[in-house]
Structure formats: structure tokens, C-alpha cells
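Chemist: What follows is upload-v1.cif; its format and atoms are mmCIF, C-alpha atoms and all ligand atoms.
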```
data_upload
#
loop_
_atom_site.label_atom_id
_atom_site.label_comp_id
_atom_site.auth_asym_id
_atom_site.auth_seq_id
_atom_site.Cartn_x
_atom_site.Cartn_y
_atom_site.Cartn_z
CA MET A 4 -59.18 -99.61 30.78
CA ILE A 5 -61.84 -101.90 32.23
CA ASP A 6 -64.50 -103.62 30.12
CA SER A 7 -67.76 -102.37 31.67
CA ARG A 8 -69.57 -105.60 30.67
CA SER A 9 -67.09 -108.17 31.97
CA GLU A 10 -65.15 -105.97 34.42
CA ARG A 11 -61.90 -107.29 33.01
CA PRO A 12 -58.94 -105.19 31.85
CA LEU A 13 -59.19 -104.01 28.25
CA PRO A 14 -56.33 -102.68 26.18
CA THR A 15 -56.49 -98.92 25.77
CA HIS A 16 -54.59 -99.23 22.51
CA LEU A 17 -54.90 -102.37 20.42
CA GLY A 18 -52.73 -102.94 17.37
CA ILE A 19 -53.43 -105.64 14.82
CA ILE A 20 -51.05 -107.07 12.23
CA MET A 21 -53.54 -108.49 9.76
CA ASP A 22 -51.87 -111.44 8.09
CA GLY A 23 -52.90 -114.46 6.05
CA ASN A 24 -55.17 -112.96 3.39
CA GLY A 25 -53.13 -114.60 0.63
CA ARG A 26 -53.03 -118.05 2.24
CA TRP A 27 -56.74 -117.89 3.03
CA ALA A 28 -57.42 -117.31 -0.69
CA GLU A 29 -54.88 -119.82 -1.97
CA ARG A 30 -56.39 -122.58 0.18
CA ARG A 31 -59.70 -121.93 -1.56
CA GLY A 32 -58.18 -121.86 -5.03
CA LEU A 33 -58.94 -118.12 -5.24
CA PRO A 34 -56.65 -115.28 -6.33
CA ARG A 35 -54.79 -113.63 -3.45
CA THR A 36 -56.77 -110.46 -4.06
CA ALA A 37 -59.93 -112.31 -3.01
CA GLY A 38 -58.29 -112.74 0.39
CA HIS A 39 -57.65 -109.01 0.63
CA GLU A 40 -61.27 -108.29 -0.31
CA ARG A 41 -62.53 -110.60 2.38
CA GLY A 42 -59.91 -109.06 4.71
CA ALA A 43 -61.36 -105.59 4.13
CA GLU A 44 -64.82 -106.86 5.13
CA VAL A 45 -63.31 -108.27 8.31
CA VAL A 46 -61.79 -104.85 9.03
CA HIS A 47 -65.32 -103.39 9.09
CA ALA A 48 -66.55 -106.08 11.48
CA VAL A 49 -63.55 -105.90 13.81
CA VAL A 50 -63.71 -102.11 14.03
CA ARG A 51 -67.38 -102.37 15.03
CA ALA A 52 -66.58 -105.09 17.57
CA CYS A 53 -63.76 -103.03 19.11
CA ARG A 54 -66.05 -100.02 19.31
CA GLU A 55 -68.78 -102.11 21.00
CA ARG A 56 -66.27 -103.40 23.54
CA GLY A 57 -65.11 -99.87 24.33
CA ILE A 58 -61.51 -100.04 23.12
CA PRO A 59 -60.57 -96.39 22.60
CA PHE A 60 -57.59 -96.76 20.23
CA VAL A 61 -57.17 -99.33 17.46
CA THR A 62 -54.34 -99.32 14.93
CA LEU A 63 -54.36 -101.65 11.94
CA TYR A 64 -51.31 -102.53 9.84
CA ALA A 65 -52.97 -102.20 6.45
CA PHE A 66 -49.93 -101.75 4.21
CA SER A 67 -46.26 -101.95 5.13
CA HIS A 68 -43.73 -99.88 3.16
CA LEU A 69 -42.23 -103.26 2.18
CA ASN A 70 -45.55 -104.30 0.60
CA TRP A 71 -44.66 -102.03 -2.35
CA GLY A 72 -42.40 -104.91 -3.43
CA ARG A 73 -45.37 -107.21 -4.09
CA PRO A 74 -46.50 -107.98 -7.66
CA ARG A 75 -47.90 -104.86 -9.32
CA ARG A 76 -51.37 -106.35 -9.69
CA GLU A 77 -51.62 -107.20 -6.02
CA VAL A 78 -50.45 -103.72 -4.99
CA GLU A 79 -53.01 -102.18 -7.32
CA ALA A 80 -55.76 -104.39 -5.92
CA LEU A 81 -54.86 -103.27 -2.40
CA MET A 82 -54.78 -99.62 -3.49
CA ASP A 83 -58.24 -100.07 -5.05
CA LEU A 84 -59.59 -101.59 -1.86
CA LEU A 85 -58.74 -98.63 0.32
CA PRO A 86 -60.99 -95.97 -1.29
CA ARG A 87 -63.77 -98.59 -1.47
CA PHE A 88 -63.33 -99.32 2.21
CA LEU A 89 -63.40 -95.61 3.05
CA ASP A 90 -66.43 -95.03 0.86
CA ASP A 91 -68.31 -97.95 2.43
CA SER A 92 -67.43 -97.15 6.01
CA VAL A 93 -66.97 -93.42 6.51
CA GLU A 94 -70.59 -92.65 7.41
CA GLU A 95 -70.77 -95.61 9.78
CA LEU A 96 -67.50 -94.56 11.43
CA HIS A 97 -68.88 -91.07 11.83
CA GLU A 98 -72.09 -92.39 13.41
CA LEU A 99 -70.13 -94.66 15.74
CA GLY A 100 -67.97 -91.76 16.89
CA VAL A 101 -64.85 -93.31 15.38
CA ARG A 102 -62.17 -90.88 14.34
CA LEU A 103 -60.00 -92.06 11.47
CA ARG A 104 -56.35 -91.17 11.10
CA VAL A 105 -53.44 -92.58 9.16
CA ALA A 106 -49.80 -93.23 9.96
CA GLY A 107 -47.17 -93.81 7.30
CA GLU A 108 -45.79 -92.25 4.17
CA VAL A 109 -49.19 -91.22 2.86
CA ASP A 110 -47.55 -89.14 0.11
CA ASP A 111 -46.28 -92.40 -1.44
CA LEU A 112 -49.85 -93.59 -2.01
CA PRO A 113 -51.37 -93.00 -5.46
CA PRO A 114 -52.83 -89.50 -5.93
CA ARG A 115 -56.31 -90.99 -6.36
CA LEU A 116 -56.22 -92.07 -2.71
CA GLN A 117 -55.18 -88.74 -1.25
CA GLY A 118 -58.58 -87.11 -1.60
CA PRO A 119 -60.64 -89.98 -0.12
CA ILE A 120 -58.22 -90.33 2.82
CA ALA A 121 -58.29 -86.60 3.59
CA THR A 122 -62.10 -86.51 3.24
CA ALA A 123 -62.63 -89.52 5.51
CA CYS A 124 -60.26 -88.14 8.16
CA ALA A 125 -61.99 -84.75 8.04
CA ARG A 126 -65.50 -86.27 8.13
CA THR A 127 -64.69 -88.33 11.23
CA ALA A 128 -62.45 -85.77 12.95
CA GLY A 129 -64.99 -85.12 15.71
CA GLY A 130 -65.25 -88.81 16.73
CA GLU A 131 -64.60 -89.21 20.44
CA ALA A 132 -65.45 -92.84 21.14
CA MET A 133 -62.55 -94.46 19.34
CA THR A 134 -59.55 -93.53 17.22
CA LEU A 135 -58.91 -95.89 14.33
CA THR A 136 -55.46 -95.50 12.80
CA LEU A 137 -54.62 -97.16 9.51
CA ALA A 138 -50.90 -97.75 9.09
CA LEU A 139 -50.38 -97.22 5.35
CA SER A 140 -47.03 -97.40 3.60
CA TYR A 141 -45.79 -97.57 7.17
CA GLY A 142 -42.44 -98.62 8.59
CA ALA A 143 -41.45 -98.04 12.22
CA ARG A 144 -37.73 -97.60 11.56
CA ARG A 145 -38.39 -95.04 8.84
CA ASP A 146 -40.68 -93.20 11.20
CA VAL A 147 -37.95 -93.06 13.85
CA VAL A 148 -35.39 -91.87 11.29
CA GLN A 149 -37.71 -89.08 10.14
CA ALA A 150 -38.39 -88.09 13.76
CA MET A 151 -34.64 -87.95 14.44
CA ARG A 152 -34.13 -85.76 11.38
CA ASN A 153 -36.80 -83.34 12.61
CA ILE A 154 -35.15 -83.21 16.01
CA ALA A 155 -31.68 -82.72 14.46
CA VAL A 156 -32.99 -79.80 12.42
CA ALA A 157 -34.31 -78.15 15.59
CA VAL A 158 -30.97 -78.69 17.36
CA ARG A 159 -29.06 -77.26 14.40
CA ALA A 160 -31.39 -74.25 14.34
CA GLY A 161 -30.65 -73.69 18.01
CA THR A 162 -34.29 -74.04 19.10
CA LEU A 163 -33.65 -77.29 20.95
CA LEU A 164 -30.84 -78.37 23.25
CA PRO A 165 -29.63 -82.00 23.06
CA GLU A 166 -30.39 -82.30 26.80
CA GLN A 167 -34.02 -81.47 26.05
CA ILE A 168 -34.38 -84.62 23.92
CA ASP A 169 -36.33 -87.19 25.88
CA GLU A 170 -38.82 -90.00 25.24
CA GLU A 171 -41.77 -87.64 25.24
CA LEU A 172 -40.17 -85.37 22.65
CA LEU A 173 -39.31 -88.33 20.41
CA ARG A 174 -42.84 -89.78 20.74
CA GLY A 175 -44.22 -86.38 19.75
CA GLU A 176 -42.31 -86.51 16.46
CA LEU A 177 -43.57 -89.96 15.45
CA GLN A 178 -46.49 -90.43 13.08
CA THR A 179 -48.40 -91.87 16.03
CA ALA A 180 -48.00 -88.67 18.09
CA GLY A 181 -50.95 -88.30 20.43
CA LEU A 182 -51.73 -92.02 20.54
CA PRO A 183 -50.99 -93.89 23.76
CA ASP A 184 -48.49 -96.77 23.83
CA LEU A 185 -49.81 -100.08 22.55
CA ASP A 186 -51.11 -102.41 25.24
CA LEU A 187 -51.81 -105.40 23.03
CA VAL A 188 -50.62 -106.43 19.58
CA ILE A 189 -52.49 -109.23 17.83
CA ARG A 190 -50.94 -110.94 14.81
CA THR A 191 -52.90 -113.44 12.78
CA ALA A 192 -51.88 -116.36 10.54
CA GLY A 193 -49.38 -117.99 12.89
CA GLU A 194 -46.50 -115.58 12.28
CA MET A 195 -44.71 -114.43 15.40
CA ARG A 196 -42.94 -111.19 14.58
CA LEU A 197 -43.58 -107.45 14.61
CA SER A 198 -42.49 -106.73 11.02
CA ASP A 199 -41.59 -103.10 11.70
CA PHE A 200 -45.03 -102.29 13.16
CA LEU A 201 -45.04 -99.49 15.79
CA MET A 202 -41.82 -100.77 17.37
CA LEU A 203 -41.35 -97.98 19.93
CA GLU A 204 -45.05 -97.79 20.72
CA ALA A 205 -45.09 -101.56 21.35
CA ALA A 206 -42.15 -101.42 23.78
CA HIS A 207 -44.31 -102.69 26.68
CA ALA A 208 -47.14 -104.29 24.70
CA GLU A 209 -48.44 -107.77 25.30
CA LEU A 210 -48.16 -109.90 22.17
CA TYR A 211 -50.86 -112.33 21.08
CA PHE A 212 -50.56 -114.69 18.14
CA THR A 213 -53.30 -116.74 16.57
CA ASP A 214 -53.17 -119.26 13.74
CA ALA A 215 -56.41 -117.87 12.29
CA PHE A 216 -56.00 -116.18 8.94
CA TRP A 217 -57.18 -112.57 8.95
CA PRO A 218 -60.24 -113.30 6.76
CA ASP A 219 -61.36 -115.82 9.42
CA PHE A 220 -60.79 -113.44 12.34
CA ASP A 221 -64.14 -112.80 14.03
CA ASP A 222 -65.68 -111.70 17.33
CA THR A 223 -64.82 -115.04 18.94
CA GLU A 224 -61.17 -114.66 17.95
CA LEU A 225 -61.15 -111.07 19.19
CA ASP A 226 -62.66 -112.05 22.54
CA ARG A 227 -60.16 -114.89 22.88
CA ALA A 228 -57.32 -112.39 22.41
CA LEU A 229 -58.89 -109.91 24.84
CA GLY A 230 -59.41 -112.72 27.36
CA ALA A 231 -55.74 -113.70 27.10
CA TYR A 232 -54.76 -110.05 27.55
CA ALA A 233 -56.94 -109.76 30.66
CA ARG A 234 -55.10 -112.71 32.21
CA ARG A 235 -51.63 -111.31 31.57
CA VAL A 236 -49.80 -109.73 34.49
CA ARG A 237 -48.11 -106.56 33.30
CA ARG A 238 -45.13 -105.63 35.38
CA PHE A 239 -43.39 -102.85 33.44
CA GLY A 240 -40.09 -103.89 34.99
CA GLY A 241 -41.53 -104.11 38.49
CA VAL A 242 -42.73 -107.15 40.41
CA THR A 243 -46.12 -108.81 40.20
CA PRO A 244 -48.66 -107.29 42.60
CA MET A 245 -49.02 -110.67 44.37
CA VAL A 246 -45.27 -111.09 44.81
CA ASP A 247 -45.08 -107.49 45.96
CA ALA A 248 -47.81 -108.01 48.57
CA ALA A 249 -46.25 -111.28 49.79
CA GLU A 250 -42.87 -109.60 50.08
CA ARG A 251 -44.31 -106.68 52.01
CA ARG A 252 -46.02 -109.14 54.39
CA SER A 253 -42.79 -111.04 54.97
CA ARG A 254 -40.88 -107.78 55.41
CA SER A 255 -43.37 -106.59 58.03
CA ARG A 256 -42.95 -109.94 59.84
CA ILE A 257 -39.15 -109.50 59.79
CA GLY A 258 -39.38 -105.83 60.79
C1 LIG B 1 -51.33 -109.66 4.85
O1 LIG B 1 -51.80 -110.80 4.20
C2 LIG B 1 -52.20 -108.53 4.64
C3 LIG B 1 -51.85 -107.42 3.94
C4 LIG B 1 -50.54 -107.24 3.30
C5 LIG B 1 -52.72 -106.29 3.78
C6 LIG B 1 -53.83 -106.13 4.77
C7 LIG B 1 -54.99 -105.64 4.04
C8 LIG B 1 -56.28 -105.91 4.33
C9 LIG B 1 -56.69 -106.63 5.52
C10 LIG B 1 -57.37 -105.50 3.43
C11 LIG B 1 -57.46 -104.06 3.15
C12 LIG B 1 -57.52 -103.21 4.36
C13 LIG B 1 -58.18 -102.06 4.43
C14 LIG B 1 -58.07 -101.23 5.64
C15 LIG B 1 -59.03 -101.61 3.35
P1 LIG B 1 -50.81 -111.51 3.19
O2 LIG B 1 -51.22 -111.11 1.82
O3 LIG B 1 -49.40 -111.20 3.53
O4 LIG B 1 -51.15 -113.00 3.46
P2 LIG B 1 -50.15 -114.23 3.29
O5 LIG B 1 -49.07 -114.05 4.32
O6 LIG B 1 -51.02 -115.40 3.56
O7 LIG B 1 -49.62 -114.19 1.89
#
```
Would you write the structure of this file as C-alpha cells?
Ligand code: FPP
Modeler:
Amino acid sequence: MIDSRSERPLPTHLGIIMDGNGRWAERRGLPRTAGHERGAEVVHAVVRACRERGIPFVTLYAFSHLNWGRPRREVEALMDLLPRFLDDSVEELHELGVRLRVAGEVDDLPPRLQGPIATACARTAGGEAMTLTLALSYGARRDVVQAMRNIAVAVRAGTLLPEQIDEELLRGELQTAGLPDLDLVIRTAGEMRLSDFLMLEAAHAELYFTDAFWPDFDDTELDRALGAYARRVRRFGGVTPMVDAAERRSRSRIG
């Protein structure tokens, strides 16, 4: 992808691990839930900014399956935020041509969320400018395990031969089926790990870490991350184009 305004490479698929809501709130003497509320507002703004910049796929880590272990009140506050977020944003997403989808164990979410999620996904299903995926109750290892079970069932039923199992088939069984590989993963709040976020999809992704807490993440932060991405040289196991060209020149001199 090329940014039509700056002519620099843009990620086709951007993933964001939104971290630091709690610390942002604690530093202000506020309850952690205030950080999540501010974080949800930032989600709106960042989705708009990504859409304006022409990034076609954005996936946000909104709730890890391990987040169920947080204090009950905090989990409830996060579960209350989601339908509010959907309610506030679904029409705007629709107008912006943003299609919403979810990845994760959606059945684990409270029943009161199931309807709003299904409605928002259906309302935005025709969006062609950008796909926004919310990872909810998501864990990459679990997703791979479930995919392997599905494949094993097909092998046992005799509809699939073990030799037919390849990367494409596995990718098609993941909850992110149909999404391209991640090009860039941003993580906020100074943490430098993937925390079980789209591990297979991030196999060749560039990683970008910022100290900014998620509630402070803004257009400037986004552009800084996109600028860093544009300067990275992606080799996918090959050699850098410059090295390659220099080597070819020297080879032609030798030959
Ligand atoms: C990490 O901050 C963030 C989360 C666990 C949840 C992310 C949720 C939001 C950004 C708001 C809701 C999102 C939507 C889509 C409605 P943390 O609490 O782990 O922060 P800390 O590491 O400072 O404690």
C-alpha cells in the first residue's frame, strides 16, 4: 500500500495493542475505568484517522481472553463500554465505509453484547473502504488450537488428506480468515510484547512500540508510527533491495 498523500508505504493491515488505560487513569488519581472510557474515545479517533490515511485493514486488541481474570468491576466496566462504543459509532462507521468484524470467543461475552455486536456487523457489512476487526475475548494460541481441531475433524472424516494441510488452509480456519497478514503492530504504554495477539498473522509484521499510554495516542503518534514503518526495509528472508542491486552489479562486473 502507498499513502496517496505522502507517497510513502502504508501498512495494508495495522494491528494495535492498546495498553496503558489503567496507568493513564492512576496517574490522574482516577479509577482505572476512567482510562478505559477515555481509551474508547481514542478508538473512535484512531479509526477515523486510519480511514483518512487509507489503511484498509485495522485490528484492535480490545479484550484478551486473559482479561477475564481482572477484577469483576473492571471487566463489567469494559463490557459496558463495548455496546456504548458500538451504539455511538455504528452509523459513522457505515458512512465511512468501514466494515466491522470481530475475532475471538464472542460466545464468552455476556448475552447483552451479542445483539449489538451482530447488529453492528450486519449494518456495516457492505463497507468497502476499511475492515475494522475488534479482537474480543481473543487469544492467538486458542485460535490455533481450535483451527487444528477443525482440521483434525476433517481428516478423521476423510474429507481432507494430511498432505493437503498447508499454511493457506490453516489461515482459512483462523478467526482472522480473509484478513491479510499484519504489516505493522503498534503497542502503546512502553510494553514490548505481543501478548498472544494474532501471533501467526504477525509472523512478518514490523513491530513499533511507543511509551504513550493509549488514552494519549493521537494522530501525531499514529503518524510517527506510520513514518517509522515507511522507513523500515522489509526483507521477508531475502536481501535488502540495495544490497541485492549492489551484488548484481558486482556479479555483472565479475561475469
Ligand atoms: C489495556 O490497558 C487495555 C485494555 C485491557 C482494554 C482496551 C480497551 C479499550 C481501549 C477501551 C474499550 C475499547 C472498545 C473497542 C470499546 P490496561 O488496563 O492494561 O492498562 P495498564 O497496563 O496501564 O493497567
Chemist: Using all atoms listed in the file, which residue out of A:Gly181, A:Pro165, A:Gly241, A:Pro218 lies closest to Arg35 (chain A)?
Modeler: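 The shortest atom-to-atom distance to Arg35 (chain A) comes from A:Pro218.
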Chemist: Identify, counting all atoms listed in the file, the protein, DNA and RNA residues located within 7 Å of ligand LIG 1 (chain B), and give them as a list of chain:residue names.
Modeler: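 Counting all atoms listed in the file, the residues within 7 Å of ligand LIG 1 (chain B) come out as A:Met21, A:Asp22, A:Gly23, A:Asn24, A:Gly25, A:Arg26, A:Trp27, A:Arg35, A:His39, A:Glu40, A:Gly42, A:Ala43, A:Val46, A:Tyr64, A:Ala65, A:Phe66, A:Asn70, A:Leu81, A:Leu84, A:Leu85, A:Phe88, A:Leu137, A:Trp217.
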Chemist: If I take CA of Gly175 (chain A) and CA of Ala143 (chain A), how far is one from the other in Å, to one decimal?
Modeler: 14.2 Å
Chemist: In terms of the shortest atom-to-atom distance over all atoms listed in the file, which of A:Arg159, A:Arg76, A:His47, A:Arg145 is closest to Pro34 (chain A)?
Modeler: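 Of all the options, A:Arg76 lies closest to Pro34 (chain A).
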Chemist: Report, in Å with one decimal, the straight-line distance from CA of Gln149 (chain A) to CA of Leu164 (chain A).
Modeler: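 Calculated distance between CA of Gln149 (chain A) and CA of Leu164 (chain A) is 18.3 Å.
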Chemist: Can you work out which one of A:Val105, A:Ala125, A:Leu99, A:Leu139 has the shortest atom-to-atom distance to Met82 (chain A), counting all atoms listed in the file?
Modeler: A:Leu139
Chemist: Near Pro113 (chain A), within 10 Å and counting all atoms listed in the file, which residues show up once chain neighbours fewer than 2 positions away are dropped, as a list in words?
Modeler: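 Everything that qualifies: Glu79, Met82, Asp83, Val109, Asp110, Asp111, Arg115, Leu116 and Gln117 of chain A.
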Chemist: Using CA of Arg51 (chain A) and CA of Arg30 (chain A) as the two end points, give the distance in Å to one decimal.
Modeler: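 Spanning CA of Arg51 (chain A) to CA of Arg30 (chain A) is a straight-line distance of 27.4 Å.
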Chemist: Find the residues around Asp146 (chain A) up to 8 Å (all atoms listed in the file counted), leave out those fewer than 3 positions away in its own chain, and share them as a CSV table (one decimal) with C-alpha atoms, in the frame of the given file.
Modeler:
```csv
chain,number,residue,atom,x,y,z
A,107,GLY,CA,-47.2,-93.8,7.3
A,141,TYR,CA,-45.8,-97.6,7.2
A,142,GLY,CA,-42.4,-98.6,8.6
A,143,ALA,CA,-41.4,-98.0,12.2
A,149,GLN,CA,-37.7,-89.1,10.1
A,150,ALA,CA,-38.4,-88.1,13.8
A,177,LEU,CA,-43.6,-90.0,15.4
A,178,GLN,CA,-46.5,-90.4,13.1
```
Chemist: Find the residues near Gly130 (chain A): any atom within 12 Å, counting all atoms listed in the file, skip ones fewer than 4 places away on the same chain, and give them as a PyMOL selection string.
Modeler: chain A and resi 54+59-60+93-104+123-126+134-135
Chemist: Between A:Ser67, A:Thr122, A:Thr179, A:Ser9, single out the one closest to Asp90 (chain A), counting only C-alpha atoms.
Modeler: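 Looking at the shortest contact to Asp90 (chain A), the residue is A:Thr122.
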Chemist: Would you compute the box with edges along x, y and z of the file around region 26-33 of chain A, including every atom the file lists for it and 8 Å extra on each side, and give its centre and edge lengths in Å to one decimal, as AutoDock Vina command-line options?
Modeler:
```
--center_x -56.4 --center_y -119.9 --center_z -1.1 --size_x 22.7 --size_y 21.3 --size_z 24.3
```
Chemist: Which residues are close to Asp222 (chain A), i.e. within 10 Å by only C-alpha atoms, leaving aside same-chain residues fewer than 6 positions away? Reply as a PyMOL selection string.
Modeler: chain A and resi 45+48-49+51-53+228
Chemist: Using all atoms listed in the file, which of the listed residues (A:Thr162, A:Arg237, A:Gln167, A:Glu194) sits closest to Glu209 (chain A)?
Modeler: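 That would be A:Arg237, the residue with the smallest distance to Glu209 (chain A).
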Chemist: I'd like the contact shell of Met195 (chain A) - 9 Å cut-off, all atoms listed in the file, skipping same-chain residues fewer than 2 positions apart - returned as number ranges by chain.
Modeler: A: 190-193, 197, 210-213
Chemist: Could you check the closest approach to Val50 (chain A) for each of A:Leu225, A:Leu112, A:Gly118, A:Glu10 and tell me which residue wins, using all atoms listed in the file?
Modeler: A:Leu225
